[in-house]
>>> print(open('protein_11.txt').read())   # compact mmCIF, N, CA and C atoms and all ligand atoms
# COMPACT_ATOMS: atom_id res chain seq x y z
N MET A 1 3.19 -4.92 3.48
CA MET A 1 1.94 -4.15 3.39
C MET A 1 1.74 -3.32 4.66
N PRO A 2 1.87 -2.01 4.55
CA PRO A 2 1.71 -1.19 5.75
C PRO A 2 0.24 -1.11 6.18
N ARG A 3 -0.02 -1.50 7.39
CA ARG A 3 -1.39 -1.42 7.90
C ARG A 3 -1.67 -0.03 8.45
N TYR A 4 -0.61 0.59 8.92
CA TYR A 4 -0.77 1.92 9.50
C TYR A 4 0.21 2.90 8.88
N MET A 5 -0.22 4.11 8.76
CA MET A 5 0.66 5.19 8.35
C MET A 5 1.14 5.85 9.64
N THR A 6 2.33 6.44 9.61
CA THR A 6 2.81 7.11 10.81
C THR A 6 3.32 8.50 10.47
N HIS A 7 3.02 9.43 11.34
CA HIS A 7 3.51 10.80 11.22
C HIS A 7 3.26 11.48 12.56
N CYS A 8 4.05 12.48 12.89
CA CYS A 8 3.88 13.21 14.16
C CYS A 8 3.76 12.26 15.35
N ASN A 9 4.58 11.23 15.36
CA ASN A 9 4.56 10.24 16.45
C ASN A 9 3.21 9.59 16.67
N SER A 10 2.36 9.56 15.63
CA SER A 10 1.13 8.82 15.80
C SER A 10 0.94 7.87 14.61
N ALA A 11 0.18 6.83 14.84
CA ALA A 11 -0.09 5.84 13.79
C ALA A 11 -1.58 5.83 13.52
N PHE A 12 -1.94 5.75 12.25
CA PHE A 12 -3.35 5.81 11.90
C PHE A 12 -3.56 4.99 10.64
N PRO A 13 -4.76 4.44 10.46
CA PRO A 13 -5.01 3.63 9.27
C PRO A 13 -5.15 4.52 8.04
N PRO A 14 -4.88 3.98 6.84
CA PRO A 14 -5.07 4.79 5.63
C PRO A 14 -6.54 5.15 5.42
N ASN A 15 -6.79 6.32 4.83
CA ASN A 15 -8.16 6.72 4.49
C ASN A 15 -8.65 5.96 3.27
N ASP A 16 -7.70 5.61 2.40
CA ASP A 16 -8.08 4.88 1.20
C ASP A 16 -6.88 4.08 0.72
N ILE A 17 -7.17 3.02 -0.01
CA ILE A 17 -6.12 2.23 -0.64
C ILE A 17 -6.50 2.08 -2.11
N TRP A 18 -5.59 2.46 -2.99
CA TRP A 18 -5.82 2.25 -4.42
C TRP A 18 -5.13 0.97 -4.84
N TYR A 19 -5.85 0.15 -5.58
CA TYR A 19 -5.29 -1.09 -6.13
C TYR A 19 -4.97 -0.83 -7.59
N LEU A 20 -3.71 -1.10 -7.98
CA LEU A 20 -3.22 -0.67 -9.28
C LEU A 20 -2.84 -1.84 -10.17
N LEU A 21 -2.98 -1.63 -11.47
CA LEU A 21 -2.58 -2.63 -12.47
C LEU A 21 -1.09 -2.93 -12.38
N ASP A 22 -0.72 -4.18 -12.69
CA ASP A 22 0.70 -4.52 -12.79
C ASP A 22 1.31 -3.72 -13.94
N LYS A 23 2.53 -3.25 -13.75
CA LYS A 23 3.13 -2.42 -14.78
C LYS A 23 4.65 -2.41 -14.64
N ASP A 24 5.36 -2.41 -15.76
CA ASP A 24 6.82 -2.30 -15.79
C ASP A 24 7.50 -3.32 -14.86
N GLY A 25 6.97 -4.54 -14.83
CA GLY A 25 7.57 -5.57 -13.99
C GLY A 25 7.24 -5.45 -12.51
N LEU A 26 6.42 -4.47 -12.17
CA LEU A 26 6.03 -4.30 -10.77
C LEU A 26 4.63 -4.89 -10.57
N THR A 27 4.50 -5.65 -9.50
CA THR A 27 3.20 -6.27 -9.21
C THR A 27 2.72 -5.86 -7.82
N LYS A 28 1.49 -6.26 -7.51
CA LYS A 28 0.87 -5.95 -6.21
C LYS A 28 0.99 -4.47 -5.89
N ARG A 29 0.80 -3.63 -6.90
CA ARG A 29 0.97 -2.20 -6.67
C ARG A 29 -0.23 -1.63 -5.93
N LYS A 30 0.06 -0.89 -4.90
CA LYS A 30 -1.00 -0.23 -4.14
C LYS A 30 -0.53 1.15 -3.71
N LEU A 31 -1.48 2.04 -3.60
CA LEU A 31 -1.18 3.37 -3.08
C LEU A 31 -2.05 3.58 -1.84
N TYR A 32 -1.39 3.77 -0.70
CA TYR A 32 -2.08 4.00 0.55
C TYR A 32 -2.12 5.50 0.80
N LEU A 33 -3.30 5.99 1.09
CA LEU A 33 -3.44 7.44 1.26
C LEU A 33 -4.00 7.77 2.64
N ALA A 34 -3.43 8.80 3.25
CA ALA A 34 -3.94 9.22 4.54
C ALA A 34 -3.63 10.69 4.77
N THR A 35 -4.38 11.29 5.65
CA THR A 35 -4.08 12.63 6.11
C THR A 35 -3.70 12.52 7.57
N CYS A 36 -2.56 13.05 7.92
CA CYS A 36 -2.12 12.98 9.32
C CYS A 36 -3.12 13.72 10.20
N PRO A 37 -3.64 13.06 11.25
CA PRO A 37 -4.64 13.71 12.10
C PRO A 37 -4.06 14.84 12.95
N ILE A 38 -2.74 14.89 13.10
CA ILE A 38 -2.11 15.93 13.91
C ILE A 38 -1.84 17.20 13.08
N CYS A 39 -1.11 17.02 11.96
CA CYS A 39 -0.68 18.21 11.20
C CYS A 39 -1.44 18.36 9.87
N CYS A 40 -2.35 17.41 9.56
CA CYS A 40 -3.18 17.46 8.35
C CYS A 40 -2.39 17.34 7.05
N LYS A 41 -1.16 16.84 7.14
CA LYS A 41 -0.37 16.64 5.93
C LYS A 41 -0.90 15.44 5.16
N LEU A 42 -0.97 15.60 3.83
CA LEU A 42 -1.36 14.47 2.98
C LEU A 42 -0.16 13.54 2.81
N MET A 43 -0.40 12.25 2.97
CA MET A 43 0.67 11.26 2.83
C MET A 43 0.25 10.17 1.88
N ALA A 44 1.22 9.64 1.14
CA ALA A 44 0.97 8.50 0.26
C ALA A 44 2.10 7.49 0.41
N PHE A 45 1.74 6.23 0.61
CA PHE A 45 2.71 5.13 0.58
C PHE A 45 2.49 4.39 -0.72
N TYR A 46 3.51 4.32 -1.54
CA TYR A 46 3.44 3.57 -2.78
C TYR A 46 4.15 2.24 -2.55
N ASN A 47 3.40 1.16 -2.61
CA ASN A 47 3.88 -0.17 -2.23
C ASN A 47 3.79 -1.11 -3.44
N TYR A 48 4.88 -1.80 -3.75
CA TYR A 48 4.86 -2.73 -4.88
C TYR A 48 5.92 -3.80 -4.69
N THR A 49 5.81 -4.85 -5.50
CA THR A 49 6.79 -5.92 -5.48
C THR A 49 7.52 -5.94 -6.82
N LYS A 50 8.86 -5.97 -6.76
CA LYS A 50 9.66 -5.96 -7.97
C LYS A 50 9.80 -7.37 -8.53
N GLU A 51 10.36 -7.48 -9.76
CA GLU A 51 10.51 -8.78 -10.44
C GLU A 51 11.30 -9.78 -9.61
N ASP A 52 12.29 -9.32 -8.87
CA ASP A 52 13.09 -10.24 -8.05
C ASP A 52 12.41 -10.59 -6.72
N GLY A 53 11.19 -10.15 -6.54
CA GLY A 53 10.42 -10.54 -5.36
C GLY A 53 10.55 -9.60 -4.17
N THR A 54 11.40 -8.59 -4.28
CA THR A 54 11.52 -7.68 -3.14
C THR A 54 10.40 -6.64 -3.15
N GLU A 55 9.95 -6.33 -1.96
CA GLU A 55 8.85 -5.40 -1.81
C GLU A 55 9.42 -4.03 -1.43
N GLU A 56 8.87 -3.01 -2.01
CA GLU A 56 9.33 -1.66 -1.69
C GLU A 56 8.17 -0.77 -1.31
N VAL A 57 8.43 0.14 -0.41
CA VAL A 57 7.44 1.16 -0.06
C VAL A 57 8.12 2.51 -0.18
N LYS A 58 7.52 3.40 -0.95
CA LYS A 58 8.04 4.76 -1.03
C LYS A 58 7.01 5.69 -0.42
N THR A 59 7.51 6.67 0.32
CA THR A 59 6.61 7.59 1.00
C THR A 59 6.68 8.97 0.38
N TYR A 60 5.52 9.55 0.16
CA TYR A 60 5.44 10.89 -0.42
C TYR A 60 4.56 11.76 0.47
N TYR A 61 4.87 13.04 0.51
CA TYR A 61 4.09 13.98 1.32
C TYR A 61 3.54 15.11 0.48
N SER A 62 2.44 15.67 0.92
CA SER A 62 1.85 16.89 0.34
C SER A 62 1.85 16.88 -1.19
N GLY A 63 2.58 17.84 -1.81
CA GLY A 63 2.61 17.97 -3.27
C GLY A 63 3.10 16.69 -3.95
N GLY A 64 4.09 16.05 -3.36
CA GLY A 64 4.61 14.80 -3.91
C GLY A 64 3.55 13.72 -3.90
N ALA A 65 2.76 13.67 -2.83
CA ALA A 65 1.67 12.69 -2.73
C ALA A 65 0.60 12.97 -3.77
N ARG A 66 0.30 14.28 -3.97
CA ARG A 66 -0.70 14.64 -4.98
C ARG A 66 -0.22 14.27 -6.38
N ARG A 67 1.09 14.46 -6.63
CA ARG A 67 1.64 14.09 -7.94
C ARG A 67 1.52 12.58 -8.17
N MET A 68 1.78 11.79 -7.14
CA MET A 68 1.64 10.34 -7.27
C MET A 68 0.20 9.96 -7.55
N MET A 69 -0.74 10.64 -6.90
CA MET A 69 -2.16 10.36 -7.14
C MET A 69 -2.51 10.66 -8.61
N ASP A 70 -2.01 11.79 -9.13
CA ASP A 70 -2.26 12.13 -10.53
C ASP A 70 -1.67 11.09 -11.48
N GLU A 71 -0.45 10.67 -11.14
CA GLU A 71 0.26 9.75 -12.01
C GLU A 71 -0.38 8.35 -11.99
N LEU A 72 -0.85 7.91 -10.84
CA LEU A 72 -1.31 6.53 -10.70
C LEU A 72 -2.82 6.35 -10.89
N LYS A 73 -3.52 7.46 -10.97
CA LYS A 73 -4.98 7.45 -11.11
C LYS A 73 -5.43 6.55 -12.27
N LYS A 74 -4.68 6.65 -13.39
CA LYS A 74 -5.08 5.92 -14.60
C LYS A 74 -4.88 4.41 -14.46
N ASP A 75 -4.05 3.98 -13.51
CA ASP A 75 -3.79 2.55 -13.34
C ASP A 75 -4.70 1.92 -12.28
N MET A 76 -5.59 2.70 -11.75
CA MET A 76 -6.41 2.20 -10.64
C MET A 76 -7.42 1.16 -11.10
N ILE A 77 -7.43 0.01 -10.44
CA ILE A 77 -8.42 -1.03 -10.72
C ILE A 77 -9.62 -0.82 -9.81
N GLY A 78 -9.31 -0.44 -8.60
CA GLY A 78 -10.37 -0.22 -7.63
C GLY A 78 -9.77 0.42 -6.41
N SER A 79 -10.60 0.86 -5.52
CA SER A 79 -10.09 1.42 -4.28
C SER A 79 -11.02 1.00 -3.15
N MET A 80 -10.48 1.07 -1.96
CA MET A 80 -11.25 0.68 -0.79
C MET A 80 -12.55 1.48 -0.70
N LEU A 81 -12.46 2.78 -0.96
CA LEU A 81 -13.66 3.61 -0.84
C LEU A 81 -14.68 3.29 -1.92
N ARG A 82 -14.20 3.00 -3.13
CA ARG A 82 -15.14 2.64 -4.20
C ARG A 82 -15.87 1.36 -3.88
N TRP A 83 -15.14 0.40 -3.30
CA TRP A 83 -15.77 -0.88 -2.98
C TRP A 83 -16.85 -0.70 -1.94
N ARG A 84 -16.62 0.25 -1.07
CA ARG A 84 -17.65 0.49 -0.07
C ARG A 84 -18.92 1.01 -0.73
N ASP A 85 -18.73 1.80 -1.77
CA ASP A 85 -19.89 2.35 -2.46
C ASP A 85 -20.60 1.31 -3.31
N LYS A 86 -19.85 0.65 -4.14
CA LYS A 86 -20.45 -0.39 -4.97
C LYS A 86 -19.41 -1.34 -5.50
N TYR A 87 -19.86 -2.50 -5.93
CA TYR A 87 -18.93 -3.47 -6.49
C TYR A 87 -18.58 -3.05 -7.90
N LYS A 88 -17.34 -3.29 -8.27
CA LYS A 88 -16.95 -3.01 -9.65
C LYS A 88 -17.06 -4.29 -10.46
N GLN A 89 -17.54 -4.16 -11.66
CA GLN A 89 -17.72 -5.32 -12.53
C GLN A 89 -16.50 -5.50 -13.43
N GLY A 90 -16.33 -6.72 -13.93
CA GLY A 90 -15.31 -7.00 -14.93
C GLY A 90 -13.89 -6.69 -14.48
N ASN A 91 -13.56 -7.08 -13.26
CA ASN A 91 -12.23 -6.75 -12.75
C ASN A 91 -11.15 -7.51 -13.51
N PRO A 92 -10.08 -6.83 -13.93
CA PRO A 92 -9.06 -7.46 -14.77
C PRO A 92 -7.95 -8.17 -14.00
N SER A 93 -7.89 -8.05 -12.70
CA SER A 93 -6.68 -8.51 -12.04
C SER A 93 -6.93 -9.47 -10.88
N GLY A 94 -7.93 -10.32 -11.02
CA GLY A 94 -8.06 -11.42 -10.08
C GLY A 94 -8.66 -11.08 -8.74
N PHE A 95 -9.34 -9.98 -8.66
CA PHE A 95 -10.01 -9.70 -7.41
C PHE A 95 -11.32 -10.48 -7.33
N VAL A 96 -11.59 -11.01 -6.19
CA VAL A 96 -12.81 -11.77 -5.97
C VAL A 96 -13.70 -10.93 -5.08
N TYR A 97 -14.94 -10.83 -5.49
CA TYR A 97 -15.82 -9.94 -4.75
C TYR A 97 -16.89 -10.72 -4.00
N GLY A 98 -17.41 -10.10 -3.01
CA GLY A 98 -18.60 -10.63 -2.36
C GLY A 98 -18.37 -11.90 -1.57
N ILE A 99 -17.21 -12.01 -0.94
CA ILE A 99 -16.99 -13.13 -0.03
C ILE A 99 -17.71 -12.80 1.27
N ASN A 100 -18.64 -13.66 1.63
CA ASN A 100 -19.43 -13.34 2.82
C ASN A 100 -18.99 -14.14 4.02
N LYS A 101 -18.95 -13.50 5.14
CA LYS A 101 -18.72 -14.20 6.40
C LYS A 101 -19.85 -13.83 7.32
N GLU A 102 -20.44 -14.84 7.93
CA GLU A 102 -21.58 -14.56 8.76
C GLU A 102 -21.21 -14.72 10.22
N THR A 103 -21.54 -13.74 11.02
CA THR A 103 -21.38 -13.88 12.46
C THR A 103 -22.79 -13.82 13.06
N LYS A 104 -22.87 -13.93 14.37
CA LYS A 104 -24.20 -13.90 15.00
C LYS A 104 -24.96 -12.62 14.71
N LYS A 105 -24.19 -11.51 14.70
CA LYS A 105 -24.85 -10.22 14.60
C LYS A 105 -24.90 -9.65 13.19
N GLU A 106 -23.95 -10.07 12.34
CA GLU A 106 -23.89 -9.41 11.03
C GLU A 106 -23.30 -10.31 9.96
N ILE A 107 -23.56 -9.90 8.73
CA ILE A 107 -22.92 -10.54 7.59
C ILE A 107 -21.85 -9.58 7.10
N ARG A 108 -20.63 -10.07 6.99
CA ARG A 108 -19.55 -9.22 6.52
C ARG A 108 -19.17 -9.62 5.10
N GLN A 109 -19.13 -8.65 4.22
CA GLN A 109 -18.74 -8.94 2.84
C GLN A 109 -17.34 -8.41 2.60
N TYR A 110 -16.50 -9.24 2.00
CA TYR A 110 -15.13 -8.87 1.74
C TYR A 110 -14.84 -8.92 0.25
N ALA A 111 -13.84 -8.16 -0.16
CA ALA A 111 -13.21 -8.36 -1.46
C ALA A 111 -11.83 -8.92 -1.16
N SER A 112 -11.36 -9.82 -2.00
CA SER A 112 -10.09 -10.45 -1.73
C SER A 112 -9.27 -10.49 -3.01
N ASP A 113 -7.94 -10.38 -2.89
CA ASP A 113 -7.13 -10.51 -4.09
C ASP A 113 -6.45 -11.87 -4.11
N PHE A 114 -5.62 -12.13 -5.12
CA PHE A 114 -4.96 -13.43 -5.26
C PHE A 114 -4.15 -13.82 -4.05
N TYR A 115 -3.69 -12.84 -3.31
CA TYR A 115 -2.78 -13.12 -2.21
C TYR A 115 -3.52 -13.31 -0.90
N GLY A 116 -4.84 -13.37 -1.01
CA GLY A 116 -5.63 -13.64 0.19
C GLY A 116 -5.80 -12.43 1.08
N ARG A 117 -5.38 -11.27 0.60
CA ARG A 117 -5.59 -10.07 1.40
C ARG A 117 -7.03 -9.64 1.25
N ARG A 118 -7.64 -9.33 2.33
CA ARG A 118 -9.05 -9.00 2.28
C ARG A 118 -9.33 -7.58 2.67
N VAL A 119 -10.30 -7.02 2.03
CA VAL A 119 -10.77 -5.68 2.37
C VAL A 119 -12.24 -5.82 2.69
N ILE A 120 -12.63 -5.36 3.84
CA ILE A 120 -14.06 -5.45 4.15
C ILE A 120 -14.79 -4.35 3.40
N ILE A 121 -15.87 -4.72 2.74
CA ILE A 121 -16.57 -3.73 1.94
C ILE A 121 -17.96 -3.42 2.45
N LYS A 122 -18.52 -4.33 3.25
CA LYS A 122 -19.89 -4.07 3.68
C LYS A 122 -20.20 -4.90 4.91
N LYS A 123 -20.90 -4.31 5.84
CA LYS A 123 -21.40 -5.07 6.99
C LYS A 123 -22.91 -4.94 7.00
N ILE A 124 -23.59 -6.04 7.08
CA ILE A 124 -25.05 -6.00 7.12
C ILE A 124 -25.49 -6.54 8.48
N ALA A 125 -26.14 -5.70 9.23
CA ALA A 125 -26.61 -6.14 10.54
C ALA A 125 -27.82 -7.05 10.40
N LYS A 126 -27.84 -8.08 11.22
CA LYS A 126 -29.02 -8.96 11.24
C LYS A 126 -30.02 -8.43 12.26
N ASN A 127 -31.23 -8.75 12.08
CA ASN A 127 -32.32 -8.38 13.01
C ASN A 127 -32.37 -6.90 13.31
N GLY A 128 -31.80 -6.13 12.45
CA GLY A 128 -31.89 -4.68 12.62
C GLY A 128 -31.21 -4.10 13.85
N ASN A 129 -30.29 -4.86 14.54
CA ASN A 129 -29.53 -4.15 15.54
C ASN A 129 -28.19 -3.75 14.96
ZN ZN A 201 1.77 14.91 10.96
>>> encode(input="protein_11.txt", output="structure tokens")
Amino acid sequence: MPRYMTHCNSAFPPNDIWYLLDKDGLTKRKLYLATCPICCKLMAFYNYTKEDGTEEVKTYYSGGARRMMDELKKDMIGSMLRWRDKYKQGNPSGFVYGINKETKKEIRQYASDFYGRRVIIKKIAKNGN
């Protein structure tokens, strides 16, 4: 699972992550999307696990990245940005929503998948700071 995208000798977090339905024997499918902060190129990492358990990441740029977005849009279960906006109901693929962790200053809400990977979706400050 790539935490950072890299281009132009810099590393940056994805702007969005699409979570995709299992398909054609491929599981844990995700599309990581980012725009390089240096050259503004659109990048997509397509990450999945094959039937034999090997994980693959394919990288696409610009037009190729846009084509992957068009192709994979229909398989999207949810995305990091959507979760930030609102919770999705009736999830088909084992995502657990609204896991709360409380710290002194804030309550953090996470979404988690079967593999224990968590995406933070909301931070609520306590006492208004
Ligand atoms: Zn770049």
>>> residues_near_ligand(input="protein_11.txt", ligand="ligand ZN 201 (chain A)", cutoff="6.5 Å", atoms="only N, CA and C atoms and all ligand atoms", output="JSON, numbers by chain")
{"A": [7, 8, 9, 36, 37, 38, 39, 40, 41]}
>>> write_last_selection(input="protein_11.txt", atoms="N, CA and C atoms", output="compact mmCIF listing (two decimals), keeping the file's coordinate frame")
# COMPACT_ATOMS: atom_id res chain seq x y z
N HIS A 7 3.02 9.43 11.34
CA HIS A 7 3.51 10.80 11.22
C HIS A 7 3.26 11.48 12.56
N CYS A 8 4.05 12.48 12.89
CA CYS A 8 3.88 13.21 14.16
C CYS A 8 3.76 12.26 15.35
N ASN A 9 4.58 11.23 15.36
CA ASN A 9 4.56 10.24 16.45
C ASN A 9 3.21 9.59 16.67
N CYS A 36 -2.56 13.05 7.92
CA CYS A 36 -2.12 12.98 9.32
C CYS A 36 -3.12 13.72 10.20
N PRO A 37 -3.64 13.06 11.25
CA PRO A 37 -4.64 13.71 12.10
C PRO A 37 -4.06 14.84 12.95
N ILE A 38 -2.74 14.89 13.10
CA ILE A 38 -2.11 15.93 13.91
C ILE A 38 -1.84 17.20 13.08
N CYS A 39 -1.11 17.02 11.96
CA CYS A 39 -0.68 18.21 11.20
C CYS A 39 -1.44 18.36 9.87
N CYS A 40 -2.35 17.41 9.56
CA CYS A 40 -3.18 17.46 8.35
C CYS A 40 -2.39 17.34 7.05
N LYS A 41 -1.16 16.84 7.14
CA LYS A 41 -0.37 16.64 5.93
C LYS A 41 -0.90 15.44 5.16
>>> residues_around(input="protein_11.txt", residues="Met76 (chain A)", least_positions_apart="5", cutoff="7 Å", atoms="all atoms listed in the file", output="list of chain:residue names")
A:Trp18, A:Tyr19, A:Leu20, A:Leu21
>>> closest_residue(input="protein_11.txt", among="A:Lys122, A:Gly78, A:Lys23, A:Leu42", to="Ser62 (chain A)", atoms="only N, CA and C atoms")
A:Leu42
>>> closest_residue(input="protein_11.txt", among="A:Tyr4, A:Phe12, A:Tyr60, A:Tyr110", to="Ala44 (chain A)", atoms="only C-alpha atoms")
A:Tyr60
>>> select_by_dssp(input="protein_11.txt", residues="region 10-73 of chain A", states="strand (DSSP E)", output="ChimeraX atom specification")
/A:10-12,16-20,27-35,42-49,55-61
>>> atom_distance(input="protein_11.txt", atom1="atom N of Leu72 (chain A)", atom2="CA of Lys50 (chain A)")
17.6 Å
>>> atom_distance(input="protein_11.txt", atom1="CA of Asp52 (chain A)", atom2="CA of Thr27 (chain A)")
10.7 Å
>>> atom_distance(input="protein_11.txt", atom1="atom N of Ile77 (chain A)", atom2="atom C of Met5 (chain A)")
22.6 Å
>>> closest_residue(input="protein_11.txt", among="A:Asp22, A:Ser10, A:Asn47, A:Lys104", to="Asp75 (chain A)", atoms="all atoms listed in the file")
A:Asp22
>>> select_by_dssp(input="protein_11.txt", residues="region 3-96 of chain A", states="alpha helix (DSSP H)", output="list in words")
Ser62, Gly63, Gly64, Ala65, Arg66, Arg67, Met68, Met69, Asp70, Glu71, Leu72, Met80, Leu81, Arg82, Trp83, Arg84 and Asp85 of chain A
>>> residues_around(input="protein_11.txt", residues="Ile17 (chain A)", least_positions_apart="3", cutoff="7 Å", atoms="only C-alpha atoms", output="short mmCIF file (atom, residue, chain, number, x, y, z; two decimals) with N, CA and C atoms, in the coordinates of the input")
data_model
loop_
_atom_site.label_atom_id
_atom_site.label_comp_id
_atom_site.auth_asym_id
_atom_site.auth_seq_id
_atom_site.Cartn_x
_atom_site.Cartn_y
_atom_site.Cartn_z
N PRO A 14 -4.88 3.98 6.84
CA PRO A 14 -5.07 4.79 5.63
C PRO A 14 -6.54 5.15 5.42
N LYS A 30 0.06 -0.89 -4.90
CA LYS A 30 -1.00 -0.23 -4.14
C LYS A 30 -0.53 1.15 -3.71
N LEU A 31 -1.48 2.04 -3.60
CA LEU A 31 -1.18 3.37 -3.08
C LEU A 31 -2.05 3.58 -1.84
N TYR A 32 -1.39 3.77 -0.70
CA TYR A 32 -2.08 4.00 0.55
C TYR A 32 -2.12 5.50 0.80
N LEU A 33 -3.30 5.99 1.09
CA LEU A 33 -3.44 7.44 1.26
C LEU A 33 -4.00 7.77 2.64
N SER A 79 -10.60 0.86 -5.52
CA SER A 79 -10.09 1.42 -4.28
C SER A 79 -11.02 1.00 -3.15
N MET A 80 -10.48 1.07 -1.96
CA MET A 80 -11.25 0.68 -0.79
C MET A 80 -12.55 1.48 -0.70
#
>>> residues_around(input="protein_11.txt", residues="Lys126 (chain A)", least_positions_apart="5", cutoff="12 Å", atoms="only C-alpha atoms", output="PyMOL selection string")
chain A and resi 102-108
